[in-house]
Amino acid sequence: MTTTLVAPSAIADLLQQQREFFATGVTREDEFRLTQLKNLRQAVVRHQDEIVEAARIDLGRPAFEGYFEVGVISELDHAIKHLRAWMRPRKVSLPLNQKPGSAWVQPEPLGVVLVIGPWNYPFQLIISPLIGAIAAGNCAILKPSEYAPATSQMLAKLVAEIFDPAHVALVEGGVETAQALLAERFDHILFTGGERVGKVVMQAAAQHLTPVTLELGGKSPCIVTPDIDLAVTARRIVWGKFLNAGQTCIAPDYLLVHESIKPALVDALKQRIQACYGDNPAQSPDLSRIVNEAQFDRLVGLLDRGNVLIGGDHSRPDRFIAPTLIDGLTWDDPIMQEEIFGPLLPILTYRTLDEAIAAINQRPKPLTTYLFAKDKATQDKVLHQTTSGSLCINDVILQVAVWDLPFGGVGNSGIGHYHGPHSFNTFSHLKGVLKKPFWMDLNWRYPPYEGKIQLFKRFIGLS
Ligand code: NAD
């Protein structure tokens, strides 16, 4: 078995091969797309143990959370089931003055697309965009993160095993490789990563007028009102924050808690942390590790301010940081100025919902907002008065696996979205088509125009 390792100098050749393959028209056929998706599904099932093991090596992931990566098969099943419906022309109605004729939206593939992935869900965040790229009939080049090397190698092996590189190829490497890829012209780029690199990607894409989908991060707030089921709220927050040791783009970044419920919530969260990870979380088999020392040092630096309510212990040799609750913070503290992306959970309070909403709206638009509240008026208020890539009410994280929901950010948290039909649309050009018969050709639009202006005014709705 060979890996598809491509030197930067070979990237232009690979792209040329893919352009030629795309030009054959093979990728446009529904049967071809379905076969590729089914082959991918089988390969993921076949290699599930290796995928889980790679996540363990890269991130110390417990096997249960490793299976989140394998969860792409659920997205594959959804795509396989709906592909033909997504591919169908979408009829639109004609205005009366345009009849006779017909009009429709014709989805068509874009060509050769580039997918650049991050290290935190290193398998899933390459394969999930790939599903959309294949479903929409494209060729694709994939660049996984160099900071999850075990997954990068296993992805390279899997891709080489099932795809013709002229259709789908994987290029391993770091920043230089990414930059060599970005120097080329693609028909679309889907990038998942941080805001800083997102800007680099968008700048490079602009040279070729390549459209981009930028799946970025940011600080996702979690509002907790007094009107909740306390035990369930604590269970859900602790799970969503500390899975993958907080290295989840849609993890609740910080809690914004009504001051009346803070003491009870803190107690419930502490109990849950102990129930999930024991008295000594360093010994827990269910807690991932921080991806590398640079991230570890950054996170430990954030512990300088505030009061640690539980956790706070850490060990650099095994990149362990305990699930940590912190209060006594202000918005000006470093931990509230950047995306945390680790197992540290700041707890801030609010007095009125208006105050909480204003605090969120003063800051960059988040990837996700979480709200815990039973009250419908409270739910509606947060729904209508805040903006974020997604909103999840009374739960965390699970919105990511509702395949018909668009997944993406807004403002600084990203551009564009994908998943399910939204991936199909993202990786398609939606061509508008108008078809007219010859048998009727009224004279109203042709010169000489004399005497026709009243009729035209009526057509455009003036009289
Ligand atoms: P990153 O931006 O550092 O790196 C992402 C990718 O970009 C990697 O493949 C890397 O090799 C490449 N890259 C790095 N520097 C580059 C450069 N100068 N030019 C071109 N390419 C370059 O992100 P990361 O640290 O791997 O991931 C963490 C970030 O990703 C967090 O901000 C997180 O919120 C975000 N994220 C977002 C989502 C989402 O779906 N919206 C999902 C996961 C992670």
# chains A, B, ... in the order shown; residues from 1 in each chain; ligands from 1

$ closest_atom_pairs --of "chain A" --to "ligand 1" --cutoff "6 Å" --atoms "only C-alpha atoms and all ligand atoms" --output "CSV"
residue,atom,partner,partner_atom_place_in_ligand_line,distance
A:Ile116,CA,ligand 1,9 (O),5.2
A:Gly117,CA,ligand 1,9 (O),4.6
A:Pro118,CA,ligand 1,26 (O),3.3
A:Trp119,CA,ligand 1,26 (O),4.5
A:Pro144,CA,ligand 1,9 (O),5.1
A:Ser145,CA,ligand 1,9 (O),3.7
A:Glu146,CA,ligand 1,11 (O),5.7
A:Gly174,CA,ligand 1,11 (O),4.4
A:Val175,CA,ligand 1,16 (C),4.5
A:Ala178,CA,ligand 1,21 (N),4.5
A:Gln179,CA,ligand 1,20 (C),4.9
A:Thr192,CA,ligand 1,37 (C),5.1
A:Gly193,CA,ligand 1,30 (O),3.0
A:Gly194,CA,ligand 1,32 (O),3.5
A:Val197,CA,ligand 1,2 (O),4.6
A:Val200,CA,ligand 1,19 (N),5.8
A:Glu215,CA,ligand 1,41 (N),3.7
A:Leu216,CA,ligand 1,41 (N),4.1
A:Gly217,CA,ligand 1,34 (O),3.1
A:Gly218,CA,ligand 1,34 (O),5.8
A:Cys249,CA,ligand 1,34 (O),3.8
A:Gly408,CA,ligand 1,41 (N),5.8

$ residues_around --residues "range 234-247 of chain A" --least-positions-apart "3" --cutoff "9 Å" --atoms "only C-alpha atoms" --output "PDB file with N, CA, C and O atoms, in the first residue's frame"
ATOM      1  N   LEU A  59      -4.234  12.870  19.975  1.00  0.00           N
ATOM      2  CA  LEU A  59      -4.903  13.730  20.953  1.00  0.00           C
ATOM      3  C   LEU A  59      -5.229  13.015  22.264  1.00  0.00           C
ATOM      4  O   LEU A  59      -5.965  13.562  23.095  1.00  0.00           O
ATOM      5  N   GLY A  60      -4.711  11.784  22.433  1.00  0.00           N
ATOM      6  CA  GLY A  60      -5.051  11.023  23.636  1.00  0.00           C
ATOM      7  C   GLY A  60      -6.543  10.789  23.755  1.00  0.00           C
ATOM      8  O   GLY A  60      -7.096  10.685  24.845  1.00  0.00           O
ATOM      9  N   ARG A  61      -7.216  10.709  22.623  1.00  0.00           N
ATOM     10  CA  ARG A  61      -8.677  10.583  22.626  1.00  0.00           C
ATOM     11  C   ARG A  61      -9.129   9.238  23.178  1.00  0.00           C
ATOM     12  O   ARG A  61      -8.642   8.191  22.747  1.00  0.00           O
ATOM     13  N   PRO A  62     -10.080   9.241  24.100  1.00  0.00           N
ATOM     14  CA  PRO A  62     -10.717   7.973  24.467  1.00  0.00           C
ATOM     15  C   PRO A  62     -11.419   7.391  23.242  1.00  0.00           C
ATOM     16  O   PRO A  62     -11.868   8.144  22.366  1.00  0.00           O
ATOM     17  N   GLU A  65     -14.794   8.822  22.068  1.00  0.00           N
ATOM     18  CA  GLU A  65     -14.727  10.090  21.335  1.00  0.00           C
ATOM     19  C   GLU A  65     -14.005   9.930  19.997  1.00  0.00           C
ATOM     20  O   GLU A  65     -14.226  10.709  19.071  1.00  0.00           O
ATOM     21  N   ASN A 120      -7.961  19.338  15.259  1.00  0.00           N
ATOM     22  CA  ASN A 120      -8.755  18.940  16.440  1.00  0.00           C
ATOM     23  C   ASN A 120      -9.712  17.775  16.179  1.00  0.00           C
ATOM     24  O   ASN A 120      -9.893  16.913  17.016  1.00  0.00           O
ATOM     25  N   TYR A 121     -10.339  17.754  15.005  1.00  0.00           N
ATOM     26  CA  TYR A 121     -11.091  16.560  14.557  1.00  0.00           C
ATOM     27  C   TYR A 121     -10.499  16.243  13.180  1.00  0.00           C
ATOM     28  O   TYR A 121     -11.111  16.496  12.146  1.00  0.00           O
ATOM     29  N   CYS A 222     -22.329  30.591  26.230  1.00  0.00           N
ATOM     30  CA  CYS A 222     -23.377  29.681  26.695  1.00  0.00           C
ATOM     31  C   CYS A 222     -24.117  30.419  27.807  1.00  0.00           C
ATOM     32  O   CYS A 222     -23.577  30.621  28.907  1.00  0.00           O
ATOM     33  N   ASP A 229     -33.548  22.828  33.890  1.00  0.00           N
ATOM     34  CA  ASP A 229     -33.338  21.614  34.676  1.00  0.00           C
ATOM     35  C   ASP A 229     -31.847  21.606  35.007  1.00  0.00           C
ATOM     36  O   ASP A 229     -31.001  21.390  34.119  1.00  0.00           O
ATOM     37  N   LEU A 230     -31.525  21.877  36.237  1.00  0.00           N
ATOM     38  CA  LEU A 230     -30.134  22.120  36.624  1.00  0.00           C
ATOM     39  C   LEU A 230     -29.230  20.915  36.349  1.00  0.00           C
ATOM     40  O   LEU A 230     -28.131  21.046  35.795  1.00  0.00           O
ATOM     41  N   ALA A 231     -29.708  19.732  36.734  1.00  0.00           N
ATOM     42  CA  ALA A 231     -28.847  18.544  36.604  1.00  0.00           C
ATOM     43  C   ALA A 231     -28.554  18.256  35.126  1.00  0.00           C
ATOM     44  O   ALA A 231     -27.408  17.979  34.747  1.00  0.00           O
ATOM     45  N   ILE A 250     -16.944  24.169  18.362  1.00  0.00           N
ATOM     46  CA  ILE A 250     -18.261  24.602  18.844  1.00  0.00           C
ATOM     47  C   ILE A 250     -18.453  24.309  20.330  1.00  0.00           C
ATOM     48  O   ILE A 250     -19.575  24.301  20.821  1.00  0.00           O
ATOM     49  N   ALA A 251     -17.369  24.078  21.050  1.00  0.00           N
ATOM     50  CA  ALA A 251     -17.510  23.902  22.505  1.00  0.00           C
ATOM     51  C   ALA A 251     -18.008  25.215  23.103  1.00  0.00           C
ATOM     52  O   ALA A 251     -17.681  26.294  22.606  1.00  0.00           O
ATOM     53  N   PRO A 252     -18.810  25.142  24.178  1.00  0.00           N
ATOM     54  CA  PRO A 252     -19.132  26.384  24.891  1.00  0.00           C
ATOM     55  C   PRO A 252     -17.808  26.986  25.360  1.00  0.00           C
ATOM     56  O   PRO A 252     -17.059  26.347  26.091  1.00  0.00           O
ATOM     57  N   ASP A 253     -17.510  28.190  24.921  1.00  0.00           N
ATOM     58  CA  ASP A 253     -16.221  28.799  25.281  1.00  0.00           C
ATOM     59  C   ASP A 253     -16.271  29.320  26.715  1.00  0.00           C
ATOM     60  O   ASP A 253     -15.348  29.143  27.488  1.00  0.00           O
ATOM     61  N   LEU A 265     -25.374  26.244  40.077  1.00  0.00           N
ATOM     62  CA  LEU A 265     -24.806  25.701  38.832  1.00  0.00           C
ATOM     63  C   LEU A 265     -23.358  25.264  39.057  1.00  0.00           C
ATOM     64  O   LEU A 265     -22.950  24.182  38.609  1.00  0.00           O
ATOM     65  N   VAL A 266     -22.598  26.090  39.751  1.00  0.00           N
ATOM     66  CA  VAL A 266     -21.188  25.727  40.001  1.00  0.00           C
ATOM     67  C   VAL A 266     -21.118  24.400  40.763  1.00  0.00           C
ATOM     68  O   VAL A 266     -20.331  23.512  40.409  1.00  0.00           O
ATOM     69  N   ALA A 268     -23.324  22.003  40.744  1.00  0.00           N
ATOM     70  CA  ALA A 268     -23.739  20.916  39.842  1.00  0.00           C
ATOM     71  C   ALA A 268     -22.629  20.599  38.829  1.00  0.00           C
ATOM     72  O   ALA A 268     -22.378  19.428  38.511  1.00  0.00           O
ATOM     73  N   LEU A 269     -21.949  21.634  38.331  1.00  0.00           N
ATOM     74  CA  LEU A 269     -20.864  21.402  37.365  1.00  0.00           C
ATOM     75  C   LEU A 269     -19.704  20.654  38.030  1.00  0.00           C
ATOM     76  O   LEU A 269     -19.144  19.714  37.457  1.00  0.00           O
ATOM     77  N   LYS A 270     -19.380  21.052  39.252  1.00  0.00           N
ATOM     78  CA  LYS A 270     -18.287  20.372  39.971  1.00  0.00           C
ATOM     79  C   LYS A 270     -18.617  18.890  40.169  1.00  0.00           C
ATOM     80  O   LYS A 270     -17.776  18.016  39.955  1.00  0.00           O
ATOM     81  N   GLN A 271     -19.864  18.659  40.571  1.00  0.00           N
ATOM     82  CA  GLN A 271     -20.267  17.257  40.783  1.00  0.00           C
ATOM     83  C   GLN A 271     -20.167  16.458  39.492  1.00  0.00           C
ATOM     84  O   GLN A 271     -19.735  15.309  39.483  1.00  0.00           O
ATOM     85  N   ARG A 272     -20.574  17.083  38.409  1.00  0.00           N
ATOM     86  CA  ARG A 272     -20.524  16.376  37.110  1.00  0.00           C
ATOM     87  C   ARG A 272     -19.083  16.099  36.691  1.00  0.00           C
ATOM     88  O   ARG A 272     -18.772  15.029  36.167  1.00  0.00           O
ATOM     89  N   ILE A 273     -18.214  17.081  36.911  1.00  0.00           N
ATOM     90  CA  ILE A 273     -16.796  16.877  36.530  1.00  0.00           C
ATOM     91  C   ILE A 273     -16.246  15.690  37.321  1.00  0.00           C
ATOM     92  O   ILE A 273     -15.571  14.814  36.767  1.00  0.00           O
ATOM     93  N   CYS A 276     -17.730  12.436  36.001  1.00  0.00           N
ATOM     94  CA  CYS A 276     -17.227  12.021  34.677  1.00  0.00           C
ATOM     95  C   CYS A 276     -15.757  11.613  34.727  1.00  0.00           C
ATOM     96  O   CYS A 276     -15.361  10.651  34.078  1.00  0.00           O
ATOM     97  N   ASP A 286     -11.001   8.837  30.152  1.00  0.00           N
ATOM     98  CA  ASP A 286     -11.994   9.490  29.293  1.00  0.00           C
ATOM     99  C   ASP A 286     -11.667  10.944  28.972  1.00  0.00           C
ATOM    100  O   ASP A 286     -12.530  11.674  28.483  1.00  0.00           O
ATOM    101  N   LEU A 287     -10.433  11.338  29.232  1.00  0.00           N
ATOM    102  CA  LEU A 287     -10.073  12.740  29.000  1.00  0.00           C
ATOM    103  C   LEU A 287      -8.932  12.823  27.983  1.00  0.00           C
ATOM    104  O   LEU A 287      -7.877  12.233  28.182  1.00  0.00           O
ATOM    105  N   SER A 288      -9.177  13.567  26.925  1.00  0.00           N
ATOM    106  CA  SER A 288      -8.142  13.727  25.899  1.00  0.00           C
ATOM    107  C   SER A 288      -7.008  14.602  26.416  1.00  0.00           C
ATOM    108  O   SER A 288      -7.108  15.227  27.475  1.00  0.00           O
ATOM    109  N   ARG A 289      -5.944  14.658  25.629  1.00  0.00           N
ATOM    110  CA  ARG A 289      -4.786  15.485  25.971  1.00  0.00           C
ATOM    111  C   ARG A 289      -4.720  16.684  25.021  1.00  0.00           C
ATOM    112  O   ARG A 289      -5.319  16.689  23.949  1.00  0.00           O
ATOM    113  N   ILE A 290      -3.954  17.700  25.433  1.00  0.00           N
ATOM    114  CA  ILE A 290      -3.757  18.885  24.589  1.00  0.00           C
ATOM    115  C   ILE A 290      -2.833  18.495  23.431  1.00  0.00           C
ATOM    116  O   ILE A 290      -1.880  17.743  23.610  1.00  0.00           O
ATOM    117  N   VAL A 291      -3.112  19.020  22.263  1.00  0.00           N
ATOM    118  CA  VAL A 291      -2.481  18.492  21.052  1.00  0.00           C
ATOM    119  C   VAL A 291      -0.968  18.626  21.043  1.00  0.00           C
ATOM    120  O   VAL A 291      -0.271  17.720  20.589  1.00  0.00           O
ATOM    121  N   PHE A 320      -1.381  17.222  29.907  1.00  0.00           N
ATOM    122  CA  PHE A 320      -2.665  17.069  30.606  1.00  0.00           C
ATOM    123  C   PHE A 320      -3.068  18.381  31.273  1.00  0.00           C
ATOM    124  O   PHE A 320      -2.254  19.026  31.925  1.00  0.00           O
ATOM    125  N   ILE A 321      -4.313  18.768  31.068  1.00  0.00           N
ATOM    126  CA  ILE A 321      -4.884  19.876  31.858  1.00  0.00           C
ATOM    127  C   ILE A 321      -6.234  19.386  32.383  1.00  0.00           C
ATOM    128  O   ILE A 321      -7.064  18.885  31.617  1.00  0.00           O
ATOM    129  N   ALA A 322      -6.426  19.526  33.687  1.00  0.00           N
ATOM    130  CA  ALA A 322      -7.674  19.048  34.301  1.00  0.00           C
ATOM    131  C   ALA A 322      -8.846  19.925  33.859  1.00  0.00           C
ATOM    132  O   ALA A 322      -8.668  21.124  33.612  1.00  0.00           O
ATOM    133  N   PRO A 323     -10.048  19.350  33.790  1.00  0.00           N
ATOM    134  CA  PRO A 323     -11.237  20.168  33.551  1.00  0.00           C
ATOM    135  C   PRO A 323     -11.318  21.251  34.632  1.00  0.00           C
ATOM    136  O   PRO A 323     -11.255  20.939  35.817  1.00  0.00           O
ATOM    137  N   ILE A 340     -10.659  29.918  23.616  1.00  0.00           N
ATOM    138  CA  ILE A 340      -9.893  29.156  24.609  1.00  0.00           C
ATOM    139  C   ILE A 340      -9.376  27.842  24.015  1.00  0.00           C
ATOM    140  O   ILE A 340      -8.209  27.521  24.106  1.00  0.00           O
ATOM    141  N   PHE A 341     -10.240  27.065  23.441  1.00  0.00           N
ATOM    142  CA  PHE A 341      -9.845  25.828  22.758  1.00  0.00           C
ATOM    143  C   PHE A 341      -9.086  24.880  23.685  1.00  0.00           C
ATOM    144  O   PHE A 341      -8.043  24.325  23.330  1.00  0.00           O
ATOM    145  N   GLY A 342      -9.611  24.716  24.890  1.00  0.00           N
ATOM    146  CA  GLY A 342      -9.002  23.835  25.879  1.00  0.00           C
ATOM    147  C   GLY A 342      -9.969  23.678  27.031  1.00  0.00           C
ATOM    148  O   GLY A 342     -11.038  24.297  27.049  1.00  0.00           O
ATOM    149  N   PRO A 343      -9.591  22.852  28.052  1.00  0.00           N
ATOM    150  CA  PRO A 343     -10.562  22.475  29.098  1.00  0.00           C
ATOM    151  C   PRO A 343     -10.696  23.509  30.217  1.00  0.00           C
ATOM    152  O   PRO A 343     -10.718  23.140  31.391  1.00  0.00           O
ATOM    153  N   LEU A 344     -10.741  24.769  29.857  1.00  0.00           N
ATOM    154  CA  LEU A 344     -10.896  25.837  30.848  1.00  0.00           C
ATOM    155  C   LEU A 344     -12.240  26.519  30.601  1.00  0.00           C
ATOM    156  O   LEU A 344     -12.495  26.968  29.477  1.00  0.00           O
ATOM    157  N   LEU A 345     -13.064  26.562  31.641  1.00  0.00           N
ATOM    158  CA  LEU A 345     -14.404  27.127  31.471  1.00  0.00           C
ATOM    159  C   LEU A 345     -14.608  28.336  32.379  1.00  0.00           C
ATOM    160  O   LEU A 345     -14.857  28.193  33.590  1.00  0.00           O
ATOM    161  N   ASN A 394     -30.850  24.535  24.902  1.00  0.00           N
ATOM    162  CA  ASN A 394     -30.949  23.474  25.920  1.00  0.00           C
ATOM    163  C   ASN A 394     -30.105  22.240  25.625  1.00  0.00           C
ATOM    164  O   ASN A 394     -30.366  21.155  26.172  1.00  0.00           O
ATOM    165  N   ASP A 395     -29.143  22.366  24.737  1.00  0.00           N
ATOM    166  CA  ASP A 395     -28.173  21.288  24.548  1.00  0.00           C
ATOM    167  C   ASP A 395     -26.900  21.880  23.976  1.00  0.00           C
ATOM    168  O   ASP A 395     -26.825  23.103  23.773  1.00  0.00           O
ATOM    169  N   VAL A 396     -25.921  21.035  23.751  1.00  0.00           N
ATOM    170  CA  VAL A 396     -24.638  21.510  23.194  1.00  0.00           C
ATOM    171  C   VAL A 396     -24.171  20.544  22.113  1.00  0.00           C
ATOM    172  O   VAL A 396     -24.536  19.357  22.129  1.00  0.00           O
ATOM    173  N   ILE A 397     -23.425  21.032  21.176  1.00  0.00           N
ATOM    174  CA  ILE A 397     -22.665  20.257  20.176  1.00  0.00           C
ATOM    175  C   ILE A 397     -23.544  19.534  19.144  1.00  0.00           C
ATOM    176  O   ILE A 397     -23.188  19.458  17.967  1.00  0.00           O
TER     177      ILE A 397
END

$ residues_around --residues "Asn292 in chain A" --least-positions-apart "3" --cutoff "7 Å" --atoms "only C-alpha atoms" --output "PyMOL selection string"
chain A and resi 295-296+319

$ closest_residue --among "A:Glu176, A:Glu75, A:Asp187, A:Asp49" --to "Phe22 in chain A" --atoms "only C-alpha atoms"
A:Asp187

$ closest_residue --among "A:Leu110, A:Ala54, A:Leu348, A:Leu214" --to "Val410 in chain A" --atoms "only C-alpha atoms"
A:Leu214

$ select_by_dssp --residues "range 278-390 of chain A" --states "strand (DSSP E)" --output "VMD selection string"
chain A and resid 307 to 310 314 to 315 320 to 321 324 to 327 344 to 350 368 to 372 390

$ closest_residue --among "A:Leu405, A:Val224, A:Ala63, A:Ala148" --to "Val257 in chain A" --atoms "only C-alpha atoms"
A:Val224

$ atom_distance --atom1 "CA of Leu158 in chain A" --atom2 "CA of Leu40 in chain A"
8.6 Å

$ residues_around --residues "Val113 in chain A" --least-positions-apart "3" --cutoff "10 Å" --atoms "only C-alpha atoms" --output "CSV table (one decimal) with N, CA and C atoms, in the first residue's frame"
chain,number,residue,atom,x,y,z
A,15,LEU,N,-2.6,18.8,-10.1
A,15,LEU,CA,-3.8,19.6,-10.4
A,15,LEU,C,-4.1,19.5,-11.9
A,18,GLN,N,-5.9,16.3,-12.4
A,18,GLN,CA,-7.3,16.4,-11.9
A,18,GLN,C,-8.1,17.2,-12.9
A,109,PRO,N,-21.0,20.7,-11.2
A,109,PRO,CA,-19.8,20.7,-10.4
A,109,PRO,C,-18.9,21.9,-10.8
A,110,LEU,N,-18.1,22.2,-9.8
A,110,LEU,CA,-17.2,23.4,-10.0
A,110,LEU,C,-15.9,23.0,-10.7
A,130,LEU,N,-15.1,16.5,2.1
A,130,LEU,CA,-14.8,15.6,0.9
A,130,LEU,C,-16.2,15.0,0.4
A,133,ALA,N,-17.8,17.5,-1.7
A,133,ALA,CA,-17.1,17.7,-2.9
A,133,ALA,C,-17.3,16.6,-3.9
A,134,ILE,N,-17.3,15.4,-3.5
A,134,ILE,CA,-17.6,14.2,-4.3
A,134,ILE,C,-19.1,14.2,-4.8
A,138,ASN,N,-17.1,16.9,-8.0
A,138,ASN,CA,-15.8,17.5,-8.2
A,138,ASN,C,-14.6,16.6,-8.1
A,139,CYS,N,-13.4,17.0,-8.5
A,139,CYS,CA,-12.2,16.4,-8.0
A,139,CYS,C,-11.7,17.2,-6.8
A,140,ALA,N,-10.9,16.6,-6.0
A,140,ALA,CA,-10.5,17.2,-4.8
A,140,ALA,C,-9.1,16.9,-4.4
A,141,ILE,N,-8.4,18.0,-3.8
A,141,ILE,CA,-7.1,17.8,-3.2
A,141,ILE,C,-7.3,18.1,-1.7
A,142,LEU,N,-6.8,17.2,-0.9
A,142,LEU,CA,-7.0,17.3,0.6
A,142,LEU,C,-5.6,17.6,1.3
A,168,VAL,N,-9.3,12.1,-6.4
A,168,VAL,CA,-9.1,12.7,-5.1
A,168,VAL,C,-7.7,12.3,-4.7
A,185,ARG,N,-4.5,27.8,-8.8
A,185,ARG,CA,-5.9,28.1,-8.9
A,185,ARG,C,-6.8,26.9,-8.7
A,186,PHE,N,-7.7,27.1,-7.8
A,186,PHE,CA,-8.7,26.0,-7.5
A,186,PHE,C,-10.1,26.6,-7.9
A,187,ASP,N,-11.1,25.8,-7.9
A,187,ASP,CA,-12.4,26.3,-8.2
A,187,ASP,C,-13.2,26.6,-7.0
A,188,HIS,N,-12.7,26.0,-5.8
A,188,HIS,CA,-13.3,26.4,-4.5
A,188,HIS,C,-12.3,25.9,-3.5
A,189,ILE,N,-12.3,26.6,-2.4
A,189,ILE,CA,-11.4,26.2,-1.3
A,189,ILE,C,-12.3,26.2,0.0
A,190,LEU,N,-12.3,25.0,0.7
A,190,LEU,CA,-12.9,24.9,2.0
A,190,LEU,C,-11.8,24.8,3.0
A,210,THR,N,-10.9,32.8,-6.5
A,210,THR,CA,-11.5,31.5,-6.1
A,210,THR,C,-12.4,31.7,-4.9
A,211,PRO,N,-13.6,31.2,-5.0
A,211,PRO,CA,-14.5,31.3,-3.8
A,211,PRO,C,-14.1,30.5,-2.7
A,212,VAL,N,-14.4,31.0,-1.5
A,212,VAL,CA,-13.9,30.2,-0.3
A,212,VAL,C,-15.1,29.9,0.7
A,427,PHE,N,-20.4,23.1,-3.0
A,427,PHE,CA,-19.4,22.6,-4.0
A,427,PHE,C,-20.0,22.6,-5.4

$ select_by_dssp --residues "range 141-326 of chain A" --states "alpha helix (DSSP H)" --output "PyMOL selection string"
chain A and resi 149-162+175-182+195-206+230-242+262-277+293-301

$ atom_distance --atom1 "CA of Val382 in chain A" --atom2 "CA of Leu398 in chain A"
18.7 Å

$ residues_around --residues "Ile51 in chain A" --least-positions-apart "6" --cutoff "9 Å" --atoms "only C-alpha atoms" --output "count of residues only"
10

$ atom_distance --atom1 "CA of Leu434 in chain A" --atom2 "CA of Ser102 in chain A"
5.9 Å

$ decode --residues "range 164-179 of chain A" --atoms "N, CA and C atoms" --output "PDB file, in the first residue's frame"
ATOM      1  N   ASP A 164      -8.601   7.168  -7.293  1.00  0.00           N
ATOM      2  CA  ASP A 164      -7.651   7.517  -8.328  1.00  0.00           C
ATOM      3  C   ASP A 164      -7.175   8.935  -7.987  1.00  0.00           C
ATOM      4  N   PRO A 165      -5.861   9.166  -7.880  1.00  0.00           N
ATOM      5  CA  PRO A 165      -5.400  10.521  -7.511  1.00  0.00           C
ATOM      6  C   PRO A 165      -5.852  11.589  -8.503  1.00  0.00           C
ATOM      7  N   ALA A 166      -6.227  11.178  -9.699  1.00  0.00           N
ATOM      8  CA  ALA A 166      -6.757  12.162 -10.652  1.00  0.00           C
ATOM      9  C   ALA A 166      -8.145  12.629 -10.216  1.00  0.00           C
ATOM     10  N   HIS A 167      -8.758  11.888  -9.276  1.00  0.00           N
ATOM     11  CA  HIS A 167     -10.067  12.292  -8.752  1.00  0.00           C
ATOM     12  C   HIS A 167      -9.921  12.911  -7.363  1.00  0.00           C
ATOM     13  N   VAL A 168      -9.335  12.138  -6.444  1.00  0.00           N
ATOM     14  CA  VAL A 168      -9.123  12.651  -5.083  1.00  0.00           C
ATOM     15  C   VAL A 168      -7.698  12.308  -4.664  1.00  0.00           C
ATOM     16  N   ALA A 169      -6.970  13.318  -4.234  1.00  0.00           N
ATOM     17  CA  ALA A 169      -5.598  13.082  -3.790  1.00  0.00           C
ATOM     18  C   ALA A 169      -5.364  13.812  -2.479  1.00  0.00           C
ATOM     19  N   LEU A 170      -4.440  13.280  -1.709  1.00  0.00           N
ATOM     20  CA  LEU A 170      -4.135  13.902  -0.421  1.00  0.00           C
ATOM     21  C   LEU A 170      -2.670  14.315  -0.395  1.00  0.00           C
ATOM     22  N   VAL A 171      -2.443  15.514   0.059  1.00  0.00           N
ATOM     23  CA  VAL A 171      -1.088  16.037   0.138  1.00  0.00           C
ATOM     24  C   VAL A 171      -0.786  16.296   1.599  1.00  0.00           C
ATOM     25  N   GLU A 172       0.207  15.569   2.131  1.00  0.00           N
ATOM     26  CA  GLU A 172       0.581  15.790   3.529  1.00  0.00           C
ATOM     27  C   GLU A 172       1.595  16.920   3.632  1.00  0.00           C
ATOM     28  N   GLY A 173       1.572  17.617   4.759  1.00  0.00           N
ATOM     29  CA  GLY A 173       2.590  18.651   4.954  1.00  0.00           C
ATOM     30  C   GLY A 173       2.065  19.783   5.804  1.00  0.00           C
ATOM     31  N   GLY A 174       2.954  20.753   6.041  1.00  0.00           N
ATOM     32  CA  GLY A 174       2.621  21.866   6.908  1.00  0.00           C
ATOM     33  C   GLY A 174       2.353  23.146   6.146  1.00  0.00           C
ATOM     34  N   VAL A 175       2.809  24.247   6.726  1.00  0.00           N
ATOM     35  CA  VAL A 175       2.498  25.566   6.176  1.00  0.00           C
ATOM     36  C   VAL A 175       3.008  25.711   4.741  1.00  0.00           C
ATOM     37  N   GLU A 176       4.252  25.249   4.501  1.00  0.00           N
ATOM     38  CA  GLU A 176       4.812  25.413   3.144  1.00  0.00           C
ATOM     39  C   GLU A 176       3.988  24.680   2.106  1.00  0.00           C
ATOM     40  N   THR A 177       3.559  23.484   2.460  1.00  0.00           N
ATOM     41  CA  THR A 177       2.737  22.704   1.524  1.00  0.00           C
ATOM     42  C   THR A 177       1.411  23.417   1.289  1.00  0.00           C
ATOM     43  N   ALA A 178       0.833  23.913   2.387  1.00  0.00           N
ATOM     44  CA  ALA A 178      -0.446  24.633   2.240  1.00  0.00           C
ATOM     45  C   ALA A 178      -0.256  25.843   1.337  1.00  0.00           C
ATOM     46  N   GLN A 179       0.860  26.523   1.513  1.00  0.00           N
ATOM     47  CA  GLN A 179       1.076  27.726   0.700  1.00  0.00           C
ATOM     48  C   GLN A 179       1.334  27.380  -0.763  1.00  0.00           C
TER      49      GLN A 179
END
